[in-house]
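*Asks:* Dropping in entry-v9.pdb, with PDB, C-alpha atoms.
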ATOM      1  CA  MET A   1      56.149  54.721 -77.298
ATOM      2  CA  TRP A   2      53.483  52.297 -76.118
ATOM      3  CA  PHE A   3      51.290  52.422 -73.005
ATOM      4  CA  ILE A   4      50.528  48.773 -72.180
ATOM      5  CA  ILE A   5      47.623  47.666 -69.979
ATOM      6  CA  ASP A   6      47.964  44.285 -68.286
ATOM      7  CA  ASP A   7      45.320  41.708 -69.257
ATOM      8  CA  GLN A   8      44.727  41.091 -65.515
ATOM      9  CA  MET A   9      43.793  44.736 -64.896
ATOM     10  CA  ALA A  10      40.047  44.059 -64.627
ATOM     11  CA  ASP A  11      40.658  41.652 -61.727
ATOM     12  CA  ASP A  12      42.691  44.114 -59.669
ATOM     13  CA  ARG A  13      40.814  45.210 -56.519
ATOM     14  CA  ARG A  14      41.782  48.865 -57.052
ATOM     15  CA  ILE A  15      40.212  48.900 -60.496
ATOM     16  CA  ARG A  16      37.095  47.024 -59.348
ATOM     17  CA  ARG A  17      36.427  49.622 -56.657
ATOM     18  CA  LEU A  18      36.476  52.531 -59.107
ATOM     19  CA  PRO A  19      33.525  53.750 -61.212
ATOM     20  CA  LEU A  20      33.838  52.827 -64.862
ATOM     21  CA  ALA A  21      34.085  56.482 -65.938
ATOM     22  CA  THR A  22      37.016  57.002 -63.556
ATOM     23  CA  VAL A  23      38.821  53.964 -65.003
ATOM     24  CA  GLY A  24      38.329  55.403 -68.490
ATOM     25  CA  LEU A  25      39.758  58.742 -67.306
ATOM     26  CA  TRP A  26      42.777  56.914 -65.867
ATOM     27  CA  VAL A  27      43.496  55.346 -69.277
ATOM     28  CA  LYS A  28      43.250  58.728 -71.057
ATOM     29  CA  LEU A  29      45.524  60.449 -68.522
ATOM     30  CA  CYS A  30      48.101  57.649 -68.810
ATOM     31  CA  VAL A  31      48.086  58.043 -72.594
ATOM     32  CA  ILE A  32      48.470  61.837 -72.285
ATOM     33  CA  HIS A  33      51.406  61.351 -69.917
ATOM     34  CA  SER A  34      53.061  58.729 -72.139
ATOM     35  CA  LYS A  35      52.788  61.015 -75.154
ATOM     36  CA  GLY A  36      54.297  63.834 -73.135
ATOM     37  CA  ILE A  37      57.231  61.656 -72.058
ATOM     38  CA  SER A  38      57.810  60.735 -75.697
ATOM     39  CA  MET A  39      57.867  64.434 -76.650
ATOM     40  CA  GLN A  40      60.144  65.184 -73.703
ATOM     41  CA  ALA A  41      62.721  62.712 -75.020
ATOM     42  CA  LYS A  42      63.091  64.877 -78.146
ATOM     43  CA  ASP A  43      62.689  68.259 -76.462
ATOM     44  CA  PRO A  44      63.024  68.481 -72.649
ATOM     45  CA  ALA A  45      60.973  71.694 -72.638
ATOM     46  CA  ALA A  46      58.016  70.080 -74.446
ATOM     47  CA  TYR A  47      56.603  68.366 -71.346
ATOM     48  CA  PRO A  48      57.269  69.034 -67.642
ATOM     49  CA  GLY A  49      56.860  65.410 -66.605
ATOM     50  CA  TYR A  50      53.324  65.715 -65.261
ATOM     51  CA  PHE A  51      49.832  66.753 -66.397
ATOM     52  CA  ASP A  52      47.925  69.686 -64.903
ATOM     53  CA  LYS A  53      44.306  70.783 -64.404
ATOM     54  CA  LEU A  54      43.981  71.888 -68.043
ATOM     55  CA  ASP A  55      44.986  68.414 -69.234
ATOM     56  CA  LEU A  56      42.505  66.911 -66.769
ATOM     57  CA  LYS A  57      39.730  69.127 -68.148
ATOM     58  CA  ASP A  58      40.643  68.309 -71.777
ATOM     59  CA  ALA A  59      40.383  64.603 -70.904
ATOM     60  CA  GLY A  60      36.832  65.190 -69.647
ATOM     61  CA  GLY A  61      37.711  64.469 -66.016
ATOM     62  CA  THR A  62      36.970  66.152 -62.705
ATOM     63  CA  MET A  63      38.954  66.707 -59.523
ATOM     64  CA  LYS A  64      36.648  64.251 -57.753
ATOM     65  CA  GLN A  65      37.610  61.484 -60.197
ATOM     66  CA  LEU A  66      41.290  62.399 -59.927
ATOM     67  CA  GLN A  67      41.098  62.174 -56.143
ATOM     68  CA  GLN A  68      39.582  58.696 -56.479
ATOM     69  CA  LEU A  69      42.616  57.639 -58.551
ATOM     70  CA  ILE A  70      44.992  59.164 -55.987
ATOM     71  CA  ASP A  71      43.223  57.350 -53.137
ATOM     72  CA  MET A  72      43.634  54.049 -54.993
ATOM     73  CA  GLY A  73      47.342  54.691 -55.539
ATOM     74  CA  LEU A  74      47.042  55.029 -59.324
ATOM     75  CA  MET A  75      48.064  58.707 -59.444
ATOM     76  CA  GLU A  76      50.498  60.817 -57.437
ATOM     77  CA  GLU A  77      51.325  64.506 -57.128
ATOM     78  CA  ARG A  78      54.329  65.675 -59.049
ATOM     79  CA  GLY A  79      55.592  69.244 -59.377
ATOM     80  CA  GLY A  80      52.610  71.419 -60.183
ATOM     81  CA  GLY A  81      50.378  68.537 -61.244
ATOM     82  CA  TRP A  82      50.096  64.758 -61.211
ATOM     83  CA  ARG A  83      51.497  61.683 -62.921
ATOM     84  CA  PRO A  84      50.457  58.004 -63.152
ATOM     85  CA  VAL A  85      51.718  55.313 -60.802
ATOM     86  CA  TYR A  86      52.428  52.216 -62.874
ATOM     87  CA  ALA A  87      51.272  49.358 -60.649
ATOM     88  CA  GLU A  88      52.164  45.720 -61.293
ATOM     89  CA  GLY A  89      49.207  43.737 -62.576
ATOM     90  CA  ILE A  90      47.531  46.839 -64.008
ATOM     91  CA  CYS A  91      49.900  48.347 -66.562
ATOM     92  CA  LYS A  92      53.509  48.585 -67.602
ATOM     93  CA  GLU A  93      55.602  51.725 -67.483
ATOM     94  CA  PRO A  94      56.236  53.070 -70.992
ATOM     95  CA  LYS A  95      59.784  52.987 -72.231
ATOM     96  CA  THR A  96      61.308  55.729 -74.356
ATOM     97  CA  LEU A  97      62.984  54.551 -77.549
ATOM     98  CA  THR A  98      66.750  54.900 -77.702
ATOM     99  CA  GLU A  99      68.419  56.874 -80.470
ATOM    100  CA  GLU A 100      69.427  53.612 -82.176
ATOM    101  CA  GLN A 101      65.845  52.324 -82.090
ATOM    102  CA  ARG A 102      64.491  55.573 -83.533
ATOM    103  CA  GLU A 103      67.103  55.474 -86.295
ATOM    104  CA  ALA A 104      66.136  51.879 -87.140
ATOM    105  CA  ARG A 105      62.480  52.877 -87.376
ATOM    106  CA  ARG A 106      63.354  55.863 -89.551
ATOM    107  CA  LYS A 107      65.326  53.681 -91.981
ATOM    108  CA  ALA A 108      62.513  51.141 -92.141
ATOM    109  CA  GLY A 109      60.010  53.881 -92.926
ATOM    110  CA  SER A 110      62.273  55.374 -95.573
ATOM    111  CA  LYS A 111      62.746  51.967 -97.204
ATOM    112  CA  GLY A 112      58.995  51.405 -97.286
ATOM    113  CA  GLY A 113      58.447  54.830 -98.830
ATOM    114  CA  ARG A 114      60.941  54.127-101.639
ATOM    115  CA  ARG A 115      59.282  50.774-102.353
ATOM    116  CA  LYS A 116      55.861  52.458-102.589
ATOM    117  CA  ALA A 117      57.203  55.116-104.955
ATOM    118  CA  ALA A 118      58.724  52.444-107.199
ATOM    119  CA  ASN A 119      55.425  50.548-107.329
ATOM    120  CA  GLN A 120      53.503  53.689-108.274
ATOM    121  CA  LYS A 121      56.015  54.535-110.980
ATOM    122  CA  ALA A 122      55.633  51.043-112.457
ATOM    123  CA  LYS A 123      51.908  51.614-112.908
ATOM    124  CA  GLN A 124      51.440  53.593-116.111
ATOM    125  CA  PRO A 125      48.445  55.952-115.839
ATOM    126  CA  SER A 126      45.721  56.117-118.448
ATOM    127  CA  SER A 127      46.922  59.497-119.720
ATOM    128  CA  ASN A 128      50.263  57.959-120.787
ATOM    129  CA  LEU A 129      48.463  55.099-122.490
ATOM    130  CA  LEU A 130      46.406  57.593-124.448
ATOM    131  CA  ALA A 131      49.501  59.537-125.475
ATOM    132  CA  ASN A 132      51.231  56.352-126.636
ATOM    133  CA  GLY A 133      48.150  55.325-128.563
ATOM    134  CA  GLN A 134      48.038  58.682-130.352
ATOM    135  CA  ALA A 135      51.719  58.424-131.210
ATOM    136  CA  ASN A 136      51.204  54.971-132.732
ATOM    137  CA  GLY A 137      48.194  56.269-134.623
ATOM    138  CA  GLU A 138      50.268  58.985-136.313
ATOM    139  CA  GLN A 139      52.566  56.346-137.815
ATOM    140  CA  ASN A 140      49.577  54.476-139.283
ATOM    141  CA  SER A 141      46.472  55.954-140.853
ATOM    142  CA  GLY A 142      44.509  58.627-138.947
ATOM    143  CA  GLU A 143      41.476  56.353-138.637
ATOM    144  CA  THR A 144      43.489  53.396-137.336
ATOM    145  CA  GLY A 145      45.301  55.618-134.836
ATOM    146  CA  SER A 146      42.041  57.012-133.510
ATOM    147  CA  GLU A 147      40.649  53.502-133.010
ATOM    148  CA  THR A 148      43.870  52.371-131.269
ATOM    149  CA  SER A 149      43.947  55.292-128.828
ATOM    150  CA  SER A 150      40.278  54.872-127.994
ATOM    151  CA  LYS A 151      40.779  51.153-127.416
ATOM    152  CA  LEU A 152      43.746  51.746-125.135
ATOM    153  CA  LEU A 153      41.867  54.371-123.149
ATOM    154  CA  GLU A 154      38.843  52.089-122.712
ATOM    155  CA  ASP A 155      41.052  49.184-121.612
ATOM    156  CA  SER A 156      42.880  51.417-119.164
ATOM    157  CA  GLN A 157      39.667  52.749-117.670
ATOM    158  CA  ALA A 158      38.256  49.220-117.405
ATOM    159  CA  LYS A 159      41.293  48.131-115.408
ATOM    160  CA  THR A 160      41.560  51.186-113.177
ATOM    161  CA  TRP A 161      37.960  52.366-112.651
ATOM    162  CA  HIS A 162      37.900  50.909-109.113
ATOM    163  CA  LYS A 163      41.206  52.471-108.032
ATOM    164  CA  THR A 164      41.339  55.849-106.317
ATOM    165  CA  ASP A 165      44.260  58.212-106.062
ATOM    166  CA  THR A 166      44.006  59.116-102.374
ATOM    167  CA  ASP A 167      46.073  62.277-102.861
ATOM    168  CA  THR A 168      43.777  63.912-105.383
ATOM    169  CA  ASP A 169      40.384  62.245-105.807
ATOM    170  CA  ILE A 170      39.072  62.131-102.246
ATOM    171  CA  PRO A 171      37.745  65.580-101.286
ATOM    172  CA  SER A 172      38.693  67.073 -97.944
ATOM    173  CA  PRO A 173      35.852  66.800 -95.427
ATOM    174  CA  THR A 174      34.024  70.026 -94.794
ATOM    175  CA  PRO A 175      33.482  70.724 -91.075
ATOM    176  CA  PRO A 176      29.810  71.130 -90.149
ATOM    177  CA  ALA A 177      28.589  74.619 -89.491
ATOM    178  CA  GLY A 178      28.216  75.477 -85.813
ATOM    179  CA  THR A 179      24.729  75.212 -84.399
ATOM    180  CA  ALA A 180      23.303  76.577 -81.208
ATOM    181  CA  LYS A 181      22.480  74.186 -78.388
ATOM    182  CA  GLN A 182      18.952  72.910 -78.503
ATOM    183  CA  THR A 183      16.607  73.261 -75.602
ATOM    184  CA  ALA A 184      14.038  70.615 -74.791
ATOM    185  CA  SER A 185      11.288  72.645 -76.470
ATOM    186  CA  GLU A 186      13.351  73.203 -79.627
ATOM    187  CA  ALA A 187      14.438  69.564 -80.044
ATOM    188  CA  PRO A 188      12.078  67.859 -82.535
ATOM    189  CA  ASP A 189      12.281  64.503 -80.742
ATOM    190  CA  ALA A 190      14.841  64.181 -77.978
ATOM    191  CA  PHE A 191      13.978  60.522 -77.397
ATOM    192  CA  ALA A 192      14.565  59.548 -81.034
ATOM    193  CA  ALA A 193      18.026  61.139 -80.980
ATOM    194  CA  ILE A 194      18.941  59.466 -77.687
ATOM    195  CA  ALA A 195      17.620  56.085 -78.834
ATOM    196  CA  GLU A 196      19.549  56.282 -82.108
ATOM    197  CA  THR A 197      22.815  57.044 -80.309
ATOM    198  CA  TYR A 198      22.431  54.549 -77.476
ATOM    199  CA  PRO A 199      24.562  51.412 -78.111
ATOM    200  CA  GLY A 200      22.116  48.951 -76.529
ATOM    201  CA  THR A 201      18.530  47.788 -77.000
ATOM    202  CA  ILE A 202      15.523  50.077 -76.571
ATOM    203  CA  GLY A 203      12.601  47.651 -76.601
ATOM    204  CA  ALA A 204       9.803  47.167 -79.093
ATOM    205  CA  LYS A 205       7.895  50.330 -79.957
ATOM    206  CA  GLY A 206       4.887  50.791 -77.745
ATOM    207  CA  ARG A 207       5.932  48.102 -75.274
ATOM    208  CA  LYS A 208       6.656  48.671 -71.597
ATOM    209  CA  ALA A 209      10.453  49.072 -71.873
ATOM    210  CA  GLU A 210      10.197  51.578 -74.729
ATOM    211  CA  ARG A 211       7.448  53.591 -73.013
ATOM    212  CA  GLU A 212       9.422  53.721 -69.779
ATOM    213  CA  ALA A 213      12.543  54.920 -71.585
ATOM    214  CA  ARG A 214      10.535  57.592 -73.424
ATOM    215  CA  ASP A 215       8.992  58.825 -70.150
ATOM    216  CA  LEU A 216      12.405  58.993 -68.477
ATOM    217  CA  VAL A 217      13.871  61.001 -71.360
ATOM    218  CA  GLU A 218      10.929  63.371 -71.255
ATOM    219  CA  THR A 219      11.333  63.880 -67.506
ATOM    220  CA  ILE A 220      15.080  64.471 -67.736
ATOM    221  CA  THR A 221      14.912  66.846 -70.704
ATOM    222  CA  GLU A 222      12.345  69.184 -69.172
ATOM    223  CA  ASN A 223      15.402  71.154 -68.089
ATOM    224  CA  PRO A 224      17.473  72.295 -71.131
ATOM    225  CA  VAL A 225      20.676  71.938 -69.075
ATOM    226  CA  GLN A 226      19.856  68.308 -68.329
ATOM    227  CA  LEU A 227      19.128  67.708 -72.024
ATOM    228  CA  ALA A 228      22.661  68.762 -72.934
ATOM    229  CA  ARG A 229      24.121  66.605 -70.143
ATOM    230  CA  LEU A 230      22.092  63.577 -71.251
ATOM    231  CA  GLN A 231      23.189  63.955 -74.881
ATOM    232  CA  SER A 232      26.821  64.164 -73.774
ATOM    233  CA  ALA A 233      26.401  61.134 -71.480
ATOM    234  CA  VAL A 234      24.981  58.976 -74.292
ATOM    235  CA  ARG A 235      27.828  59.938 -76.623
ATOM    236  CA  ARG A 236      30.425  59.124 -73.957
ATOM    237  CA  TYR A 237      28.801  55.792 -73.171
ATOM    238  CA  ARG A 238      28.605  54.830 -76.848
ATOM    239  CA  ARG A 239      32.286  55.698 -77.277
ATOM    240  CA  ALA A 240      33.206  53.566 -74.249
ATOM    241  CA  VAL A 241      31.280  50.599 -75.666
ATOM    242  CA  ASN A 242      32.783  51.005 -79.136
ATOM    243  CA  ASP A 243      36.298  51.233 -77.671
ATOM    244  CA  GLY A 244      35.757  48.060 -75.656
ATOM    245  CA  HIS A 245      35.871  49.704 -72.219
ATOM    246  CA  VAL A 246      32.330  48.453 -71.598
ATOM    247  CA  PRO A 247      31.619  44.895 -72.841
ATOM    248  CA  GLN A 248      28.575  44.737 -75.116
ATOM    249  CA  ARG A 249      27.081  41.995 -72.945
ATOM    250  CA  GLN A 250      27.012  44.419 -69.999
ATOM    251  CA  VAL A 251      25.050  47.131 -71.805
ATOM    252  CA  PRO A 252      21.576  47.328 -70.232
ATOM    253  CA  ARG A 253      18.350  48.403 -71.881
ATOM    254  CA  LEU A 254      17.964  52.126 -72.357
ATOM    255  CA  ALA A 255      15.343  52.449 -69.590
ATOM    256  CA  THR A 256      17.648  50.773 -67.059
ATOM    257  CA  TRP A 257      20.588  52.930 -68.108
ATOM    258  CA  LEU A 258      18.508  56.111 -67.797
ATOM    259  CA  ARG A 259      17.340  55.061 -64.361
ATOM    260  CA  ASP A 260      20.669  53.974 -62.870
ATOM    261  CA  GLN A 261      23.692  55.083 -64.894
ATOM    262  CA  TRP A 262      23.296  58.120 -67.123
ATOM    263  CA  GLU A 263      24.444  60.700 -64.555
ATOM    264  CA  THR A 264      27.629  58.678 -64.004
ATOM    265  CA  TRP A 265      28.573  59.354 -67.631
ATOM    266  CA  ALA A 266      27.324  62.937 -67.753
ATOM    267  CA  PRO A 267      29.630  65.947 -67.271
ATOM    268  CA  GLU A 268      29.442  67.767 -63.972
ATOM    269  CA  PRO A 269      26.522  70.234 -63.882
ATOM    270  CA  ILE A 270      27.468  73.903 -63.946
ATOM    271  CA  THR A 271      26.098  75.742 -60.922
ATOM    272  CA  PRO A 272      24.639  79.086 -62.064
ATOM    273  CA  THR A 273      26.054  82.170 -60.388
ATOM    274  CA  ARG A 274      23.614  83.700 -57.936
ATOM    275  CA  GLN A 275      22.642  87.192 -58.989
ATOM    276  CA  HIS A 276      23.202  89.923 -56.426
ATOM    277  CA  LYS A 277      20.084  91.749 -55.299
ATOM    278  CA  HIS A 278      20.653  95.303 -54.158
ATOM    279  CA  THR A 279      19.264  96.323 -50.763
ATOM    280  CA  TRP A 280      19.230  99.614 -48.868
ATOM    281  CA  ASN A 281      22.322  98.542 -46.922
ATOM    282  CA  CYS A 282      24.495  96.950 -49.686
ATOM    283  CA  GLU A 283      27.834  98.438 -50.643
ATOM    284  CA  HIS A 284      26.704  99.479 -54.114
ATOM    285  CA  VAL A 285      23.900 101.621 -52.704
ATOM    286  CA  HIS A 286      26.137 103.190 -50.073
ATOM    287  CA  GLN A 287      28.767 104.068 -52.677
ATOM    288  CA  LEU A 288      26.112 106.223 -54.342
ATOM    289  CA  MET A 289      24.251 107.503 -51.282
ATOM    290  CA  ASP A 290      26.911 108.098 -48.614
ATOM    291  CA  PRO A 291      28.113 111.408 -50.131
ATOM    292  CA  HIS A 292      24.537 112.737 -49.706
ATOM    293  CA  GLU A 293      23.777 111.253 -46.267
ATOM    294  CA  ASP A 294      23.744 114.594 -44.463
ATOM    295  CA  ALA A 295      20.910 115.811 -46.679
ATOM    296  CA  TYR A 296      18.441 113.241 -45.237
ATOM    297  CA  ASP A 297      16.697 112.957 -41.882
ATOM    298  CA  HIS A 298      17.647 109.824 -39.916
ATOM    299  CA  THR A 299      14.735 110.039 -37.482
ATOM    300  CA  GLY A 300      12.429 107.010 -37.581
ATOM    301  CA  SER A 301      12.188 103.293 -36.831
ATOM    302  CA  LEU A 302      11.829 100.537 -39.403
ATOM    303  CA  ARG A 303      10.623  98.092 -36.754
ATOM    304  CA  GLU A 304       7.749 100.397 -35.813
ATOM    305  CA  GLY A 305       6.756 100.865 -39.436
ATOM    306  CA  ASN A 306       8.060 104.425 -39.639
ATOM    307  CA  PRO A 307      11.343 104.263 -41.586
ATOM    308  CA  SER A 308      13.566 107.314 -41.818
ATOM    309  CA  GLU A 309      13.945 109.468 -44.884
ATOM    310  CA  TRP A 310      17.499 108.140 -45.188
ATOM    311  CA  TRP A 311      16.276 104.523 -45.323
ATOM    312  CA  LYS A 312      13.608 105.402 -47.889
ATOM    313  CA  ALA A 313      16.169 107.124 -50.109
ATOM    314  CA  CYS A 314      18.596 104.174 -49.904
ATOM    315  CA  GLN A 315      15.826 101.670 -50.630
ATOM    316  CA  ALA A 316      14.690 103.736 -53.624
ATOM    317  CA  CYS A 317      18.276 103.704 -54.924
ATOM    318  CA  ALA A 318      18.436  99.899 -54.475
ATOM    319  CA  ASP A 319      15.153  99.430 -56.366
ATOM    320  CA  GLU A 320      16.437 101.598 -59.207
ATOM    321  CA  LEU A 321      19.653  99.550 -59.481
ATOM    322  CA  ASN A 322      17.680  96.290 -59.520
ATOM    323  CA  ASN A 323      15.354  97.642 -62.234
ATOM    324  CA  GLN A 324      18.305  98.720 -64.389
ATOM    325  CA  GLU A 325      19.897  95.251 -64.225
ATOM    326  CA  THR A 326      16.588  93.567 -65.002
ATOM    327  CA  SER A 327      16.188  95.775 -68.085
ATOM    328  CA  LYS A 328      19.680  94.857 -69.290
ATOM    329  CA  GLU A 329      18.903  91.143 -69.017
ATOM    330  CA  LYS A 330      15.765  91.526 -71.137
ATOM    331  CA  GLN A 331      17.595  93.365 -73.927
TER     332      GLN A 331
END
Could you write out this structure as structure tokens?
*Replies:*
Amino acid sequence: MWFIIDDQMADDRRIRRLPLATVGLWVKLCVIHSKGISMQAKDPAAYPGYFDKLDLKDAGGTMKQLQQLIDMGLMEERGGGWRPVYAEGICKEPKTLTEEQREARRKAGSKGGRRKAANQKAKQPSSNLLANGQANGEQNSGETGSETSSKLLEDSQAKTWHKTDTDTDIPSPTPPAGTAKQTASEAPDAFAAIAETYPGTIGAKGRKAEREARDLVETITENPVQLARLQSAVRRYRRAVNDGHVPQRQVPRLATWLRDQWETWAPEPITPTRQHKHTWNCEHVHQLMDPHEDAYDHTGSLREGNPSEWWKACQACADELNNQETSKEKQ
């Protein structure tokens, strides 16, 4: 199955009004949906006919971007999720292959596989040449046979040294070992890494453009969270340029991109959860102190600077809980 984008898509007013990152998300979601429809044709239970929030997250998108696509009429709600709206002038709705078309493709692939096997069989490997040379040598003198087999082996190696058996000679890639995220202080040179990844020009070393870009990187990466977001943004932008979603002629200098665009390509920042601070009147303190309330005197006024024994006991309990949680964080 093919997902086809119209060559007039860039001129459509709906596309022009969307941020570039949102347009890229739309393409990825359309591809995910098309693949699902293709799987559904073989197994109806393989795909429900729409993508959900997990698919949106895997595609690197946010609900804000999805809502932008819905507002422009490029996505619609369906079941428990969403599906693309194939608009004229932007893209064409994918068509599922019929059983006859799939059978024709299968036969064509099988025919090509048999032709490849026949070609490989016709090529005699060097080991067979060596065996034949040794057999011929046994019929003649031992010295002549040795020279013949060596000659055949050398000729075979000379003809096949540049060829590689892709099934056996190329080693499987070893995945890199996992590394912890770097903070700004741990990164040896955050600017060098960003500059190396960025798909556009940086500016001559020591000149104004390069110095400005270096200062911007330094300012952004003072926060380790922003460092990780910036690294992700540069990788996403480079991928978009390499894939042709961003024309190379539109790539600005690094300093301009850092000033105006990098947060558009960065993932949404994660808001840290606010830590609860225990007080004399919070529920955690009262769960501990209420069974003993009758043992304390309630006479006094906090406003007048003379709190009651009950308040003092509750506040002491709150301080103890706060100290315990602080100690756990330091461990």
*Asks:* To one decimal in Å, tell me the separation between atom CA of Thr62 of chain A and atom CA of Ala21 of chain A.
*Replies:*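 If I compute the distance from atom CA of Thr62 of chain A to atom CA of Ala21 of chain A, I get 10.6 Å.
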*Asks:* I'd like the neighbourhood of Ile15 of chain A as number ranges by chain, where a residue qualifies if any of its atoms comes within 12 Å (using all atoms listed in the file), though same-chain residues fewer than 5 positions away should be ignored.
*Replies:* A: 6, 8-10, 20-27, 68-69, 71-74, 87, 89-91
*Asks:* Could you check how far atom CA of Gly206 of chain A sits from atom CA of Ala240 of chain A, in Å to one decimal?
*Replies:*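 Atom CA of Ala240 of chain A lies 28.7 Å from atom CA of Gly206 of chain A.
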*Asks:* Taking all atoms listed in the file into account, which of A:Arg83, A:Lys312, A:Arg303, A:Lys208 comes nearest Lys28 of chain A?
*Replies:*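 Checking each candidate against Lys28 of chain A, we get A:Arg83 as the closest.
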*Asks:* Evaluate the PyMOL selection byres ((chain A and resi 259) around 12) here and jot the selected residues down as a ChimeraX atom specification.
*Replies:* /A:209,212-217,219-220,230,252-258,260-264
*Asks:* For this structure, which residues satisfy the selection - the PyMOL selection byres ((chain A and resi 193-196) around 9) - when it is evaluated on the file as given? I want them as a ChimeraX atom specification.
*Replies:* /A:189-192,197-202,213,217,230-231,234-235,254
*Asks:* Write out as a list in words the residues lying within 8 Å of Ile4 of chain A, counting all atoms listed in the file and excluding same-chain residues fewer than 6 positions away.
*Replies:*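 Those residues are Cys91, Lys92, Glu93 and Pro94 of chain A.
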*Asks:* Could you please determine the separation between atom CA of Ala266 of chain A and atom CA of Arg16 of chain A in Å, to one decimal place?
*Replies:*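 Going from atom CA of Ala266 of chain A over to atom CA of Arg16 of chain A covers 20.5 Å.
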*Asks:* Between A:Ala104, A:Met63, A:Met289, A:Ile70, which residue has the minimum interatomic distance to Arg14 of chain A, considering all atoms listed in the file?
*Replies:*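 Using all atoms listed in the file, the shortest distance to Arg14 of chain A belongs to A:Ile70.
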